[in-house]
Amino acid sequence: MSEGIGAALRRKVRERADGVCEYCFMPDGEPTFPHEPDHIIAKKHGGRTLLANLAYACFECNRAKGSDIASYDKLTGELTPLYNPRQQNWSDHFHFKRAVIEPLTAVGRVTVALLKLNVPARVEIRDNLMAAGAYPPTA
């Protein structure tokens, strides 16, 4: 969640992410609700409100993630950390199969599951954006 984050820090988080969710790459002009800074490590787990601990997240990703920092991988049964956009490369853990975000690793699997990245409505939005040439954003 984004409580206690000033306007200047919010702006820096958005600029660093180039206006797209750092978990699902949804551009911030598309959703109904605005994107917001996410504490990657929640304050209740000792995370601080610093640029290095904030990710730009769409409403859907941020609400699904909440204060979670890990989940159980259904394949291995192991407690596995969620994807951390400040410490990991997205393409090491995920890739696109059309509009579906497919996990490549245990980190990817728990993140896709917990953040509900591939629920039908989200896949349909990405598919429509892809058809219009507006997704995924170019680097």
# chains A, B, ... in the order shown; residues from 1 in each chain; ligands from 1
$ closest_atom_pairs --of "range 4-104 of chain A" --to "range 110-113 of chain A" --cutoff "12 Å" --atoms "only C-alpha atoms" --output "CSV"
residue,atom,partner,partner_atom,distance
A:Tyr23,CA,A:Thr111,CA,8.6
A:Cys24,CA,A:Val112,CA,9.1
A:Cys61,CA,A:Thr111,CA,9.7
A:Asn62,CA,A:Thr111,CA,11.7
A:Ala64,CA,A:Ala113,CA,9.6
A:Lys65,CA,A:Thr111,CA,8.5
A:Asp68,CA,A:Thr111,CA,10.2
A:Ile69,CA,A:Thr111,CA,9.6
A:Ala70,CA,A:Val110,CA,7.6
A:Ser71,CA,A:Val110,CA,5.9
A:Tyr72,CA,A:Val110,CA,6.7
A:Asp73,CA,A:Val110,CA,5.5
A:Lys74,CA,A:Val110,CA,7.9
A:Leu75,CA,A:Val110,CA,9.6
A:Thr76,CA,A:Val110,CA,10.7
A:Gly77,CA,A:Val110,CA,10.6
A:Glu78,CA,A:Val110,CA,10.1
A:Leu79,CA,A:Val110,CA,9.1
A:Thr80,CA,A:Val110,CA,7.0
A:Pro81,CA,A:Val110,CA,7.7
A:Leu82,CA,A:Thr111,CA,5.3
A:Tyr83,CA,A:Thr111,CA,6.1
A:Asn84,CA,A:Thr111,CA,9.6
A:Pro85,CA,A:Thr111,CA,11.5
A:Trp90,CA,A:Thr111,CA,11.0
A:His93,CA,A:Thr111,CA,9.3
A:Phe94,CA,A:Val112,CA,8.8
A:His95,CA,A:Val112,CA,11.1
A:Phe96,CA,A:Val112,CA,12.0
A:Val100,CA,A:Val112,CA,10.0
A:Ile101,CA,A:Val112,CA,7.5
A:Glu102,CA,A:Val112,CA,7.7
A:Pro103,CA,A:Val112,CA,6.8
A:Leu104,CA,A:Val112,CA,10.3
$ residues_around --residues "Gly19 in chain A" --least-positions-apart "3" --cutoff "10 Å" --atoms "only C-alpha atoms" --output "PyMOL selection string"
chain A and resi 11+13-16+22+25-29+35+56-58+137
$ closest_residue --among "A:Ala8, A:Gln87, A:Ala99, A:Thr32" --to "Val119 in chain A" --atoms "only C-alpha atoms"
A:Ala99
$ residues_around --residues "Gly6 in chain A" --least-positions-apart "6" --cutoff "12 Å" --atoms "only C-alpha atoms" --output "PyMOL selection string"
chain A and resi 12-13+36-37+49-51
$ select_by_dssp --residues "range 59-127 of chain A" --states "strand (DSSP E or B)" --output "PyMOL selection string"
chain A and resi 70-72+79-81+94-97+100-103
$ closest_residue --among "A:Phe33, A:Asp127, A:Leu9, A:Ser67" --to "Leu54 in chain A" --atoms "only C-alpha atoms"
A:Leu9
$ select_by_dssp --residues "range 17-86 of chain A" --states "helix (DSSP H, G or I)" --output "list of chain:residue names"
A:Lys43, A:Lys44, A:His45, A:Leu51, A:Ala52, A:Asn53, A:Phe59, A:Glu60, A:Cys61, A:Asn62, A:Arg63, A:Ala64, A:Lys65
